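Engineer: Please find target16.tsv (TSV, C-alpha atoms) on the next line:
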chain	number	residue	atom	x	y	z
N	224	MET	CA	59.92	210.05	-17.17
N	225	ALA	CA	61.29	213.28	-15.78
N	226	THR	CA	61.12	214.85	-19.23
N	227	LYS	CA	57.32	215.09	-19.07
N	228	THR	CA	55.78	218.44	-18.21
N	229	LEU	CA	53.84	218.62	-14.96
N	230	SER	CA	50.51	218.90	-16.75
N	231	ALA	CA	51.33	215.86	-18.88
N	232	GLU	CA	52.19	214.02	-15.66
N	233	TYR	CA	48.67	214.77	-14.41
N	234	VAL	CA	46.78	214.13	-17.64
N	235	LYS	CA	48.35	210.71	-18.29
N	236	GLY	CA	46.36	209.28	-15.36
N	237	LEU	CA	43.07	210.32	-16.93
N	238	TRP	CA	43.35	208.33	-20.13
N	239	ASP	CA	46.74	207.14	-21.46
N	240	GLU	CA	47.67	205.42	-18.21
N	241	ASN	CA	44.23	205.28	-16.58
N	242	PRO	CA	44.64	202.82	-13.68
N	243	VAL	CA	41.41	200.95	-14.39
N	244	PHE	CA	40.91	201.04	-18.15
N	245	ARG	CA	44.52	201.04	-19.34
N	246	GLN	CA	46.61	199.49	-16.55
N	247	LEU	CA	43.81	197.17	-15.31
N	248	LEU	CA	44.88	197.76	-11.72
N	249	GLY	CA	42.71	197.98	-8.60
N	250	LEU	CA	39.98	195.90	-10.19
N	251	CYS	CA	38.83	194.18	-6.98
N	252	PRO	CA	37.37	197.36	-5.40
N	253	THR	CA	36.35	198.60	-8.85
N	254	LEU	CA	34.16	195.59	-9.48
N	255	ALA	CA	33.01	195.08	-5.90
N	256	VAL	CA	31.70	198.48	-4.83
N	257	THR	CA	30.37	199.96	-8.06
N	258	ASN	CA	26.78	198.72	-7.59
N	259	ALA	CA	25.80	202.23	-6.49
N	260	VAL	CA	27.21	205.61	-7.57
N	261	ILE	CA	27.59	206.87	-4.00
N	262	ASN	CA	29.70	203.82	-3.09
N	263	GLY	CA	31.82	204.30	-6.20
N	264	ILE	CA	32.50	207.94	-5.34
N	265	ALA	CA	33.24	207.16	-1.68
N	266	MET	CA	35.65	204.37	-2.61
N	267	GLY	CA	37.30	206.65	-5.19
N	268	LEU	CA	37.79	209.45	-2.66
N	269	ALA	CA	39.09	207.12	0.06
N	270	THR	CA	41.59	205.69	-2.43
N	271	THR	CA	42.56	209.24	-3.49
N	272	PHE	CA	43.29	210.16	0.11
N	273	VAL	CA	45.46	207.08	0.65
N	274	LEU	CA	47.28	207.42	-2.69
N	275	LEU	CA	48.09	211.13	-2.20
N	276	LEU	CA	49.38	210.76	1.35
N	277	SER	CA	51.36	207.59	0.72
N	278	SER	CA	52.93	209.13	-2.40
N	279	LEU	CA	53.87	212.16	-0.34
N	280	VAL	CA	55.49	210.11	2.43
N	281	VAL	CA	57.18	207.60	0.11
N	282	SER	CA	58.70	210.32	-2.08
N	283	LEU	CA	59.91	212.13	1.06
N	284	ILE	CA	61.64	209.14	2.64
N	285	LYS	CA	62.72	207.31	-0.54
N	286	LYS	CA	66.42	208.01	0.12
N	287	VAL	CA	66.53	206.75	3.70
N	288	ILE	CA	64.73	203.43	3.14
N	289	PRO	CA	67.09	200.62	2.13
N	290	ASN	CA	66.08	198.99	-1.14
N	291	GLN	CA	65.64	195.56	0.49
N	292	VAL	CA	62.85	196.65	2.85
N	293	ARG	CA	61.16	199.21	0.63
N	294	ILE	CA	58.04	197.13	-0.17
N	295	ALA	CA	57.49	196.29	3.51
N	296	SER	CA	57.86	199.96	4.44
N	297	TYR	CA	55.48	201.08	1.69
N	298	ILE	CA	52.86	198.58	2.81
N	299	VAL	CA	53.09	199.76	6.43
N	300	ILE	CA	52.70	203.38	5.29
N	301	ILE	CA	49.76	202.51	3.02
N	302	ALA	CA	48.08	200.41	5.71
N	303	CYS	CA	48.45	203.28	8.15
N	304	PHE	CA	46.66	205.74	5.87
N	305	VAL	CA	43.99	203.18	4.97
N	306	THR	CA	43.21	202.69	8.67
N	307	VAL	CA	43.00	206.46	9.08
N	308	ALA	CA	40.56	206.64	6.15
N	309	ASP	CA	38.52	203.77	7.61
N	310	LEU	CA	38.30	205.35	11.08
N	311	PHE	CA	37.48	208.73	9.55
N	312	LEU	CA	34.61	207.28	7.50
N	313	GLN	CA	33.28	205.41	10.54
N	314	ALA	CA	33.38	208.56	12.61
N	315	PHE	CA	32.03	211.11	10.15
N	316	PHE	CA	30.32	209.20	7.32
N	317	TYR	CA	28.89	206.23	9.17
N	318	PRO	CA	26.26	205.14	6.58
N	319	ILE	CA	28.84	205.13	3.77
N	320	SER	CA	31.30	203.26	5.95
N	321	LYS	CA	28.63	200.61	6.53
N	322	ALA	CA	27.83	200.38	2.82
N	323	LEU	CA	31.48	199.93	1.84
N	324	GLY	CA	31.94	197.28	4.51
N	325	PRO	CA	35.21	195.38	4.26
N	326	TYR	CA	36.32	197.16	1.07
N	327	VAL	CA	37.83	200.15	2.84
N	328	PRO	CA	40.39	198.08	4.78
N	329	LEU	CA	41.06	196.25	1.50
N	330	ILE	CA	42.41	199.46	-0.08
N	331	VAL	CA	45.70	198.31	1.49
N	332	VAL	CA	46.02	195.69	-1.22
N	333	ASN	CA	44.78	197.92	-4.03
N	334	CYS	CA	47.65	197.54	-6.50
N	335	VAL	CA	47.10	201.03	-7.93
N	336	ILE	CA	48.57	202.39	-4.70
N	337	LEU	CA	51.55	200.08	-4.23
N	338	GLY	CA	52.10	200.21	-8.01
N	339	ARG	CA	52.45	204.02	-8.00
N	340	GLN	CA	54.85	203.96	-5.04
N	341	GLU	CA	57.04	201.35	-6.69
N	342	ALA	CA	56.87	202.74	-10.24
N	343	PHE	CA	56.82	206.45	-9.55
N	344	SER	CA	57.04	207.97	-6.06
N	345	SER	CA	60.17	206.04	-5.11
N	346	LYS	CA	61.98	207.48	-8.14
N	347	ASN	CA	60.63	211.02	-8.47
N	348	SER	CA	60.53	214.29	-6.56
N	349	VAL	CA	57.79	215.10	-4.04
N	350	GLY	CA	56.01	217.56	-6.32
N	351	ARG	CA	56.03	215.26	-9.32
N	352	SER	CA	54.84	212.31	-7.20
N	353	MET	CA	51.93	214.34	-5.87
N	354	ILE	CA	50.88	215.40	-9.39
N	355	ASP	CA	51.14	211.79	-10.55
N	356	ALA	CA	49.09	210.59	-7.57
N	357	LEU	CA	46.48	213.27	-8.20
N	358	GLY	CA	46.22	212.31	-11.89
N	359	MET	CA	45.97	208.59	-11.13
N	360	SER	CA	43.34	209.25	-8.44
N	361	THR	CA	41.27	211.40	-10.76
N	362	GLY	CA	41.44	208.65	-13.38
N	363	PHE	CA	40.43	206.08	-10.76
N	364	VAL	CA	37.50	208.17	-9.47
N	365	LEU	CA	36.27	208.84	-13.04
N	366	ALA	CA	36.48	205.14	-13.92
N	367	LEU	CA	34.54	204.17	-10.78
N	368	LEU	CA	32.00	206.90	-11.44
N	369	LEU	CA	31.46	205.70	-15.01
N	370	LEU	CA	31.15	202.05	-14.08
N	371	SER	CA	28.88	202.69	-11.09
N	372	SER	CA	26.64	205.01	-13.13
N	373	VAL	CA	26.13	202.36	-15.80
N	374	ARG	CA	25.44	199.70	-13.18
N	375	GLU	CA	23.13	201.76	-10.99
N	376	ILE	CA	21.09	203.18	-13.89
N	377	LEU	CA	20.61	199.81	-15.58
N	378	GLY	CA	20.42	197.77	-12.39
N	379	ALA	CA	18.08	199.95	-10.36
N	380	GLY	CA	16.88	202.69	-12.71
N	381	THR	CA	18.35	205.29	-10.34
N	382	PHE	CA	21.34	207.66	-10.22
N	383	LEU	CA	22.62	208.58	-6.74
N	384	GLY	CA	19.38	207.08	-5.43
N	385	ILE	CA	17.18	209.39	-7.54
N	386	GLN	CA	14.83	207.69	-10.00
N	387	VAL	CA	15.99	208.58	-13.52
N	388	LEU	CA	14.25	205.94	-15.59
N	389	GLY	CA	10.46	205.85	-15.62
N	390	SER	CA	8.23	203.18	-14.14
N	391	TRP	CA	8.22	201.42	-17.54
N	392	PHE	CA	11.78	200.36	-16.85
N	393	LYS	CA	12.25	196.90	-15.40
N	394	PRO	CA	15.62	196.98	-13.53
N	395	TRP	CA	18.28	194.58	-14.79
N	396	ILE	CA	19.14	193.13	-11.39
N	397	ILE	CA	22.11	191.27	-12.86
N	398	MET	CA	23.89	194.63	-13.25
N	399	LEU	CA	24.00	194.95	-9.45
N	400	LEU	CA	25.37	191.44	-9.01
N	401	PRO	CA	29.03	190.44	-9.50
N	402	ALA	CA	28.27	189.07	-12.97
N	403	GLY	CA	26.94	192.49	-14.00
N	404	ALA	CA	30.16	194.11	-12.80
N	405	PHE	CA	32.17	191.93	-15.16
N	406	ILE	CA	29.75	192.46	-18.06
N	407	ALA	CA	29.70	196.26	-17.64
N	408	PHE	CA	33.46	196.42	-17.11
N	409	GLY	CA	34.15	194.22	-20.15
N	410	LEU	CA	31.96	196.37	-22.38
N	411	LEU	CA	33.48	199.63	-21.11
N	412	LEU	CA	36.99	198.21	-21.52
N	413	GLY	CA	36.16	197.20	-25.08
N	414	LEU	CA	34.81	200.68	-25.73
N	415	ALA	CA	37.96	202.28	-24.28
N	416	LEU	CA	40.17	200.14	-26.53
N	417	LEU	CA	38.02	200.97	-29.55
N	418	ILE	CA	38.31	204.72	-28.87
N	419	GLU	CA	42.06	204.33	-28.35
N	420	SER	CA	42.60	202.47	-31.63
N	421	LYS	CA	40.50	205.02	-33.54
N	422	THR	CA	42.45	207.97	-32.11
N	423	GLN	CA	45.76	206.25	-32.75
N	424	LYS	CA	44.82	205.73	-36.40
N	425	ARG	CA	43.87	209.39	-36.68
N	426	ARG	CA	47.18	210.45	-35.13
N	427	ALA	CA	49.15	208.22	-37.50
Y	163	MET	CA	76.25	201.21	9.70
Y	164	SER	CA	75.79	197.70	8.32
Y	165	LEU	CA	72.99	197.02	5.89
Y	166	SER	CA	71.04	194.77	8.24
Y	167	SER	CA	71.06	197.28	11.09
Y	168	LYS	CA	69.99	199.96	8.60
Y	169	MET	CA	67.11	197.71	7.51
Y	170	ILE	CA	66.03	197.01	11.08
Y	171	LEU	CA	66.29	200.66	12.02
Y	172	SER	CA	64.26	201.96	9.08
Y	173	LEU	CA	61.50	199.36	9.43
Y	174	THR	CA	61.30	200.01	13.17
Y	175	CYS	CA	61.05	203.74	12.59
Y	176	VAL	CA	58.34	203.33	9.94
Y	177	GLY	CA	56.42	200.99	12.26
Y	178	LEU	CA	56.75	203.21	15.32
Y	179	ILE	CA	55.79	206.44	13.57
Y	180	SER	CA	52.82	204.75	11.85
Y	181	SER	CA	51.53	203.20	15.04
Y	182	GLY	CA	51.93	206.44	16.97
Y	183	PHE	CA	50.03	208.30	14.29
Y	184	LEU	CA	47.29	205.65	14.22
Y	185	ALA	CA	46.97	205.72	17.99
Y	186	GLY	CA	46.36	209.46	17.78
Y	187	VAL	CA	43.71	209.12	15.09
Y	188	GLY	CA	42.16	206.22	17.02
Y	189	ILE	CA	41.81	208.32	20.17
Y	190	TRP	CA	40.41	211.23	18.15
Y	191	THR	CA	37.69	209.15	16.43
Y	192	LYS	CA	36.90	206.62	19.20
Y	193	ASP	CA	34.15	208.57	20.93
Y	194	LYS	CA	32.59	209.70	17.69
Y	195	ILE	CA	32.40	206.10	16.38
Y	196	ALA	CA	30.93	204.83	19.65
Y	197	PHE	CA	28.40	207.67	19.50
Y	198	ASN	CA	27.40	206.72	15.92
Y	199	VAL	CA	26.84	203.08	16.88
Y	200	GLN	CA	24.91	204.08	19.99
Y	201	GLN	CA	22.74	206.51	18.07
Y	202	GLU	CA	21.95	203.92	15.42
Y	203	ILE	CA	20.75	201.53	18.13
Y	204	GLU	CA	18.71	204.20	19.91
Y	205	GLN	CA	17.10	205.26	16.64
Y	206	ALA	CA	16.24	201.63	15.90
Y	207	ILE	CA	14.69	201.15	19.36
Y	208	LYS	CA	12.48	204.20	18.82
Y	209	THR	CA	11.39	202.82	15.44
Y	210	VAL	CA	10.53	199.32	16.63
Y	211	VAL	CA	8.95	200.24	19.97
Y	212	PRO	CA	6.65	203.17	19.17
Y	213	GLY	CA	6.28	205.61	22.04
Y	214	THR	CA	9.80	205.11	23.38
Y	215	ALA	CA	11.44	208.22	24.79
Y	216	VAL	CA	14.33	206.62	26.65
Y	217	SER	CA	15.85	203.19	26.37
Y	218	GLU	CA	17.81	201.03	28.75
Y	219	LYS	CA	19.94	198.00	28.04
Y	220	LEU	CA	18.60	195.04	30.05
Y	221	TYR	CA	20.65	192.16	28.78
Y	222	GLU	CA	23.47	191.51	26.35
Y	223	GLU	CA	25.23	188.46	25.00
Y	224	ARG	CA	26.86	187.60	21.68
Y	225	ALA	CA	24.44	188.37	18.82
Y	226	PHE	CA	21.53	189.03	21.20
Y	227	ALA	CA	20.58	192.00	23.36
Y	228	VAL	CA	17.42	193.25	24.98
Y	229	TYR	CA	16.56	196.90	25.53
Y	230	ALA	CA	13.59	198.32	27.38
Y	231	GLY	CA	11.70	201.08	25.63
Y	232	LYS	CA	10.32	203.52	28.22
Y	233	THR	CA	8.31	206.72	28.27
Y	234	GLU	CA	9.69	209.93	29.77
Y	235	ASP	CA	8.38	209.00	33.23
Y	236	GLY	CA	10.05	205.60	33.07
Y	237	SER	CA	7.11	203.27	32.48
Y	238	LEU	CA	7.80	200.36	30.18
Y	239	VAL	CA	6.34	200.51	26.65
Y	240	GLY	CA	7.90	197.39	25.21
Y	241	TYR	CA	11.07	195.47	24.57
Y	242	ALA	CA	13.48	196.02	21.70
Y	243	VAL	CA	15.49	192.97	20.77
Y	244	TYR	CA	18.80	193.26	18.94
Y	245	ALA	CA	19.64	190.03	17.15
Y	246	SER	CA	21.93	188.75	14.46
Y	247	GLY	CA	22.41	185.46	12.68
Y	248	SER	CA	23.41	184.01	9.34
Y	249	GLY	CA	21.63	185.05	6.19
Y	250	PHE	CA	22.19	183.92	2.62
Y	251	GLN	CA	25.58	185.60	2.20
Y	252	ASP	CA	26.64	186.95	5.56
Y	253	THR	CA	25.34	187.89	8.98
Y	254	ILE	CA	22.05	189.81	9.13
Y	255	THR	CA	21.68	192.15	12.11
Y	256	MET	CA	18.24	193.40	13.07
Y	257	MET	CA	16.18	194.99	15.79
Y	258	PHE	CA	12.56	194.22	16.52
Y	259	GLY	CA	10.13	195.40	19.12
Y	260	THR	CA	7.50	193.59	21.21
Y	261	ASP	CA	4.81	194.77	23.58
Y	262	ILE	CA	5.39	194.30	27.33
Y	263	GLU	CA	3.56	190.95	27.40
Y	264	VAL	CA	5.61	189.67	24.44
Y	265	LYS	CA	2.37	188.78	22.64
Y	266	LYS	CA	2.76	191.15	19.75
Y	267	LEU	CA	5.72	192.02	17.54
Y	268	THR	CA	5.41	195.73	16.85
Y	269	ARG	CA	7.97	196.35	14.10
Y	270	LEU	CA	11.18	195.06	12.61
Y	271	THR	CA	14.12	196.95	11.21
Y	272	ILE	CA	17.30	195.68	9.58
Y	273	LEU	CA	20.52	197.21	10.88
Y	274	LYS	CA	23.06	195.45	8.73
Y	275	GLN	CA	22.92	193.02	5.85
Y	276	THR	CA	24.92	192.14	2.75
Y	277	GLU	CA	22.36	189.98	0.95
Y	278	THR	CA	22.14	189.86	-2.86
Y	279	PRO	CA	21.36	193.35	-4.21
Y	280	GLY	CA	17.93	193.48	-5.80
Y	281	LEU	CA	16.83	190.20	-4.20
Y	282	GLY	CA	17.78	189.36	-0.62
Y	283	ALA	CA	18.81	192.95	0.06
Y	284	ASN	CA	15.11	193.83	-0.22
Y	285	ILE	CA	14.70	192.63	3.37
Y	286	GLU	CA	15.49	196.21	4.36
Y	287	LYS	CA	12.81	197.66	2.05
Y	288	GLU	CA	9.68	198.91	3.78
Y	289	ASP	CA	7.08	198.06	1.11
Y	290	LEU	CA	8.54	194.69	0.10
Y	291	PHE	CA	9.29	193.20	3.48
Y	292	LEU	CA	9.27	195.34	6.62
Y	293	LYS	CA	5.63	196.50	6.46
Y	294	PHE	CA	4.55	192.84	6.58
Y	295	TRP	CA	6.17	192.58	10.01
Y	296	GLU	CA	4.01	195.16	11.70
Y	297	ASP	CA	1.78	193.96	14.57
Y	298	ARG	CA	2.44	190.24	14.26
Y	299	ASP	CA	0.87	187.86	16.76
Y	300	ILE	CA	3.78	186.10	18.45
Y	301	ARG	CA	1.89	183.99	20.96
Y	302	THR	CA	2.67	181.07	18.63
Y	303	ILE	CA	5.62	180.66	16.31
Y	304	LEU	CA	5.75	182.92	13.23
Y	305	THR	CA	5.63	181.24	9.83
Y	306	LEU	CA	6.47	182.20	6.28
Y	307	HIS	CA	3.71	183.02	3.78
Y	308	LYS	CA	4.55	181.58	0.36
Y	309	PRO	CA	4.25	182.69	-2.39
Y	310	ALA	CA	4.83	186.39	-1.75
Y	311	ALA	CA	1.73	188.38	-0.80
Y	312	SER	CA	1.19	191.86	-2.18
Y	313	SER	CA	-0.60	193.31	0.83
Y	314	PRO	CA	-0.41	192.62	4.60
Y	315	ASN	CA	-4.17	191.81	4.52
Y	316	GLU	CA	-3.43	188.54	2.71
Y	317	LEU	CA	-1.45	187.26	5.70
Y	318	THR	CA	-2.76	185.70	8.88
Y	319	PRO	CA	-1.50	187.52	12.03
Y	320	THR	CA	1.17	184.87	12.60
Y	321	GLU	CA	2.54	184.96	9.06
Y	322	ILE	CA	5.26	187.08	7.51
Y	323	ASN	CA	5.89	187.63	3.83
Y	324	THR	CA	8.46	185.97	1.58
Y	325	ILE	CA	10.43	188.00	-0.93
Y	326	THR	CA	10.18	186.46	-4.39
Y	327	GLY	CA	13.58	185.06	-5.33
Y	328	ALA	CA	14.95	185.46	-1.82
Y	329	THR	CA	13.29	182.75	0.25
Y	330	ILE	CA	16.52	181.98	2.10
Y	331	SER	CA	17.01	185.59	3.20
Y	332	SER	CA	13.35	185.87	4.30
Y	333	GLU	CA	13.58	182.56	6.14
Y	334	SER	CA	16.82	183.59	7.84
Y	335	VAL	CA	15.22	186.72	9.27
Y	336	LEU	CA	12.23	184.69	10.43
Y	337	LYS	CA	14.45	182.09	12.05
Y	338	ILE	CA	16.52	184.70	13.89
Y	339	VAL	CA	13.34	186.41	15.16
Y	340	ASN	CA	11.73	183.15	16.34
Y	341	LEU	CA	14.91	182.09	18.13
Y	342	SER	CA	15.37	185.50	19.75
Y	343	LEU	CA	11.75	185.56	20.92
Y	344	GLU	CA	12.29	182.22	22.60
Y	345	LYS	CA	15.42	183.58	24.28
Y	346	LEU	CA	13.60	186.74	25.33
Y	347	ARG	CA	10.76	184.78	26.95
Y	348	GLU	CA	13.24	182.58	28.76
Y	349	LYS	CA	15.12	185.62	30.09
Y	350	ILE	CA	11.88	187.25	31.28
Y	351	LYS	CA	10.66	184.01	32.87
Y	352	HIS	CA	13.87	183.38	34.75
Y	353	GLY	CA	14.33	187.01	35.71
Y	354	GLY	CA	17.43	187.31	33.56
Y	355	LEU	CA	16.68	190.91	32.67
Y	356	LEU	CA	17.57	193.88	34.82
Y	357	GLY	CA	14.69	196.19	35.59
Y	358	GLY	CA	12.02	195.40	33.01
Y	359	ARG	CA	8.67	194.00	34.07
Y	360	GLU	CA	9.37	193.82	37.77
Y	361	LYS	CA	9.30	197.60	37.82
Y	362	ASP	CA	6.06	197.53	35.90
Y	363	GLY	CA	4.34	195.91	38.87
Y	364	ASN	CA	3.31	192.71	37.05
Step by step, read the file and then write its structure as structure tokens.

Structural biologist:
Amino acid sequence: MATKTLSAEYVKGLWDENPVFRQLLGLCPTLAVTNAVINGIAMGLATTFVLLLSSLVVSLIKKVIPNQVRIASYIVIIACFVTVADLFLQAFFYPISKALGPYVPLIVVNCVILGRQEAFSSKNSVGRSMIDALGMSTGFVLALLLLSSVREILGAGTFLGIQVLGSWFKPWIIMLLPAGAFIAFGLLLGLALLIESKTQKRRA
Amino acid sequence: MSLSSKMILSLTCVGLISSGFLAGVGIWTKDKIAFNVQQEIEQAIKTVVPGTAVSEKLYEERAFAVYAGKTEDGSLVGYAVYASGSGFQDTITMMFGTDIEVKKLTRLTILKQTETPGLGANIEKEDLFLKFWEDRDIRTILTLHKPAASSPNELTPTEINTITGATISSESVLKIVNLSLEKLREKIKHGGLLGGREKDGN
């Protein structure tokens, strides 16, 4: 892993190891909050904050934490930053905090975060862990943005609350419901795999 | 140092540092969060009791509170009732206003809901649901108008509109309002409110 250049460490999170479309991690918040673009972005940014800070702390203290209690320690650290993010949203972005409801506290159990600590930050230097966290977060935000755009445009005819489809368009309400999340995600996942297999063929 | 004491020590340190940090952030954001909640309630009171300049909390219990909407010089304009109860998916929290005699419901606003997007969630939409709540006659119990009306003129003064495909959500709001009105009248009758009408000289 350490043989990768720093830029490759960042870029891998965008596509090759994209947390949502390639690793299929963190799907609970992905499916739950993407009924509106603003919620998708807010969830993505809150997760970015938690992932960056927990990666920083975990990579800093990796040598002093005994192996047997590492998961417990990581969870406490993650939960701490999630609570900070939750309080911060409540204090400064109250409407968004209300819209995200219980999903902000649930970032604690987002497996993208614990997964990165276990697979990367606990084994790599601080700098490399931060770049990895930044790459993974960017990939996560982009995936949420894509999924929420598809759902909001088809489900409500709007993008960020602004009407983009004319009055002729009858909103597909199912896209805003949980079933629509699975349909949209399944189609996008299929598309991602199709693109991947095409590019692999071209490379070969 | 033995492994177990090392484990205890590191977990304790992680816990202590995290909780200390959280306590700091909690203190920093506490006032701001309380202010946000307070402001949301004040804004809602001004919406549901038109003409309100200042508000005063008269009564509070779980899932029910009464505020007095007053003008600058302190005369009562109406009551704002904060109420919550179960909806189709989760609790719906709302605020509605009445005149001082509790004969007319002035307006309703939804503070918090997690009903089905596109269906039940329309209870917070002005043109689909809220505008049908303006100036309702509450001397008798409010009832639901089915099927959905397209304009408030189609309703009798004691009726409120149903949202197509979300009868349960519409009914839940209606039920919470009817129950809260009953509670409000009881409180006024038994003098359970501080201030309020007594000051008004009635």

Engineer: Considering all atoms listed in the file, return as a count of residues only whatever protein or nucleic-acid residues lie within 10 Å of Glu234 (chain Y), sequence-local ones (same chain, fewer than 5 positions apart) excluded.

Structural biologist: 5

Engineer: Please identify every residue of chain Y that has at least one atom no more than 6 Å from any atom of chain N, counting all atoms listed in the file, and report them as a PyMOL selection string.

Structural biologist: chain Y and resi 180+191+194-195+280

Engineer: As AutoDock Vina command-line options, please: the centre and edge lengths in Å, to one decimal, of an axis-aligned box enclosing every listed atom of region 246-263 of chain Y with 5 Å added on each side.

Structural biologist:
--center_x 15.1 --center_y 189.7 --center_z 14.8 --size_x 33.1 --size_y 21.5 --size_z 35.2

Engineer: Would you kindly return, as JSON, numbers by chain, each protein, DNA or RNA residue with an atom no farther than 10 Å from any atom of region 290-302 of chain Y, considering all atoms listed in the file and excluding same-chain residues fewer than 5 positions away?

Structural biologist: {"Y": [210, 258, 259, 260, 261, 263, 264, 265, 266, 267, 268, 269, 270, 271, 272, 284, 285, 310, 311, 312, 313, 314, 315, 316, 317, 318, 319, 320, 321, 322, 323, 324, 325, 326, 332, 336, 340, 343]}

Engineer: Between CA of Thr270 (chain N) and CA of Ile330 (chain N), what distance in Å does the model show, to one decimal?

Structural biologist: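 One can read the CA of Thr270 (chain N) to CA of Ile330 (chain N) distance as 6.7 Å.
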
Engineer: When you look at Thr361 (chain N) with a cut-off of 12 Å (counting all atoms listed in the file), what residues show up, excluding the ones that are within fewer than 6 positions of it in the same chain? I need them as a count of residues only.

Structural biologist: 23

Engineer: Name the closest residue to Gly327 (chain Y) among the candidates Y:Gly282, Y:Gly354, Y:Gly177, Y:Pro212; distances are taken between atoms, counting only C-alpha atoms.

Structural biologist: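 Among the listed residues, the smallest separation from Gly327 (chain Y) belongs to Y:Gly282.
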
Engineer: Kindly provide, as a list of chain:residue names, the polymer residues lying within 10 Å of (15.6, 198.2, 14.7), counting all atoms listed in the file and using the coordinates exactly as they appear in the file.

Structural biologist: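 Those residues lying close to the given coordinates are Y:Glu202, Y:Ile203, Y:Glu204, Y:Gln205, Y:Ala206, Y:Ile207, Y:Lys208, Y:Thr209, Y:Val210, Y:Val211, Y:Ala242, Y:Val243, Y:Tyr244, Y:Ala245, Y:Thr255, Y:Met256, Y:Met257, Y:Phe258, Y:Gly259, Y:Arg269, Y:Leu270, Y:Thr271, Y:Ile272, Y:Leu273, Y:Lys274.
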
Engineer: What gap, in Å, lies between CA of Ser237 (chain Y) and CA of Glu348 (chain Y)?

Structural biologist: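 Calculated distance between CA of Ser237 (chain Y) and CA of Glu348 (chain Y) is 21.9 Å.
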
Engineer: Would you list the contacts of Phe250 (chain Y) as JSON, numbers by chain, taking every protein, DNA or RNA residue within 10 Å and counting only C-alpha atoms, but skipping same-chain residues closer than 3 positions in sequence?

Structural biologist: {"Y": [253, 254, 275, 276, 277, 278, 282, 283, 328, 329, 330, 331, 332, 333, 334]}

Engineer: When you draw a straight line from CA of Lys345 (chain Y) to CA of Gly236 (chain Y), how long is it in Å?

Structural biologist: 24.3 Å

Engineer: May I ask which of the residues N:Val256, N:Ile298, N:Ala356, N:Asn333 is the closest one to Ser320 (chain N), counting only C-alpha atoms?

Structural biologist: N:Val256

Engineer: Could you check the closest approach to Gly358 (chain N) for each of N:Gln423, N:Ile319, N:Val335, N:Leu370 and tell me which residue wins, using only C-alpha atoms?

Structural biologist: N:Val335
